[in-house]
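Q: Have a look at this one before I ask anything.
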Amino acid sequence: MKMLQTKLWCVFVSLAFSLPLHAQSDSTDKSPHKSEFITVNGVRLNYLDWGGAGEVLLFLHGMGASAHNFDDFAPRFTNQFRVLGLTRRGHGESEVPESGYDTPTLVEDVRQFLDALRIHRVVLAGHSFAGDELTRFAGVHPDRVIKLIYFDSAYDHSRIAKDLRFKPVHGWRPGLLPTQEESESPDGGRRWINRIWGEKMGRTIYAMVEGTYAETHEYGKIKAPTLALFAIADQKVVHSAEMLPEPERQQVLEFLKAQRKYHEQEIEHFRREIPNGRVIVFTNAPHDFPFDRENEVLREVQAFLSDKIKDTKRRSAEPR
């Protein structure tokens, strides 16, 4: 569907990618999917089915979002795949249990979802936080993964610098950064999340952040062909920071510099750990670039899925 123009910027702790959430309703949802519910691992989950035939392509969304984030993008693959999108527990129309937001449990949700639909092998594609789920699923169930696609999601958050914890890892806007008090302890980080997300959603987000800090990406266990797309150096964000008065200007610019250092660190880490993976780096791109630069991303993904990549060794695209 064409997403509504009113954007509620998702900003969250340590993973805080600037992914726009868009209000959903039956009257505005024009995407050609069926919306279904299924109970797996003791929780009722919502999933979208865009139809198609062939192997299954499953989209997993970022933190605070839902499978509806792929409403425009997913239908473009139904000529090659059966295309599904799963909304994880605690998000969208899925059930909100009190627990189960650690990565192993979330991956078990995915496994049981696939089992319930009698899907043995799958192409997994995930944005942002979903990278944790992709990496763990591929490591624990290597025989069930056909290919992996990371949409700015191949980040090992257990490796994040201490001074970036409980701060956004992607993007910035006024009011986003935690206060000094909120930065001093995990409890302060919890208060920050609740301030940004509200108390109800905040509990889910905080639990997921705790889980991602504890989750080491074991890339060496991945056997499937892998495509990782990264977005760095969004100049719109830098320009906005440049317009701030001092000393806030300098503080935000230093923060953005630390962000970029972490991004570049993780890109190189991924390259080292998966030397035969395909890496594409989009420069001057926002975290939600799969939707912001859809046609460019679509070309890369379709080539990867169609095995039209001539060089099967690691290749990084020229900056875009």
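Going through the structure tokens in order, the chains are called A, B, and so on, while each chain numbers its residues from 1 and the ligands are numbered from 1 in the order shown.
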Run DSSP on the backbone and tell me which residues of stretch 89-188 of chain A come out as strand (DSSP E); list them as a list in words.

A: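 So, restricting stretch 89-188 of chain A to strand (DSSP E), we get Val122, Val123, Leu124, Ala125, Gly126, His127, Val145, Ile146, Lys147, Leu148, Ile149, Tyr150 and Phe151 of chain A.
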
Q: Can you write just those residues out, C-alpha atoms, as a short mmCIF file (atom, residue, chain, number, x, y, z; two decimals), in the first residue's frame?

A:
data_model
loop_
_atom_site.label_atom_id
_atom_site.label_comp_id
_atom_site.auth_asym_id
_atom_site.auth_seq_id
_atom_site.Cartn_x
_atom_site.Cartn_y
_atom_site.Cartn_z
CA VAL A 122 12.95 -20.20 3.21
CA VAL A 123 14.64 -17.05 1.96
CA LEU A 124 14.84 -14.72 4.97
CA ALA A 125 14.93 -10.96 4.50
CA GLY A 126 15.04 -8.62 7.48
CA HIS A 127 15.32 -4.92 8.22
CA VAL A 145 17.77 -21.28 4.86
CA ILE A 146 18.00 -20.80 1.10
CA LYS A 147 19.41 -17.27 1.17
CA LEU A 148 19.69 -14.33 3.58
CA ILE A 149 19.09 -10.64 2.87
CA TYR A 150 20.07 -8.03 5.46
CA PHE A 151 18.50 -4.59 5.00
#

Q: Near A:Phe137, within 9 Å and counting only C-alpha atoms, which residues show up once chain neighbours fewer than 4 positions away are dropped, as an mmCIF file with C-alpha atoms, in the first residue's frame?

A:
data_model
loop_
_atom_site.group_PDB
_atom_site.id
_atom_site.type_symbol
_atom_site.label_atom_id
_atom_site.label_comp_id
_atom_site.auth_asym_id
_atom_site.auth_seq_id
_atom_site.Cartn_x
_atom_site.Cartn_y
_atom_site.Cartn_z
ATOM 1 C CA PRO A 104 16.416 -17.235 20.898
ATOM 2 C CA VAL A 107 13.797 -17.157 16.449
ATOM 3 C CA GLU A 108 11.840 -20.066 17.861
ATOM 4 C CA VAL A 110 9.853 -17.970 13.410
ATOM 5 C CA ARG A 111 10.713 -21.672 13.307
ATOM 6 C CA ASP A 132 19.584 -10.659 14.966
ATOM 7 C CA GLU A 133 16.845 -13.095 14.006
ATOM 8 C CA HIS A 141 18.818 -24.081 11.368
ATOM 9 C CA PRO A 142 21.267 -23.900 8.427
ATOM 10 C CA ARG A 144 16.284 -24.436 6.410
ATOM 11 C CA VAL A 145 17.768 -21.281 4.863
#

Q: Tell me, as a list in words, which residues lie within 8 Å of stretch 185-196 of chain A, counting only C-alpha atoms; anything in the same chain fewer than 3 positions away does not count.

A: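 So, after excluding close chain neighbours, the residues are Val11, Phe12, Val13, Phe166, Leu176, Pro178, Glu181, Glu182, Glu199, Lys200, Met201, Gly202, Arg203, Ile205 and Tyr206 of chain A.
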
Q: Can you measure atom CA of A:Arg299 to atom CA of A:His217 for me? One decimal in Å is fine.

A: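 For atom CA of A:Arg299 relative to atom CA of A:His217, the distance reads 27.2 Å.
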
Q: In Å to one decimal, how far is atom CA of A:Ala53 from atom CA of A:Gly85?

A: 15.0 Å
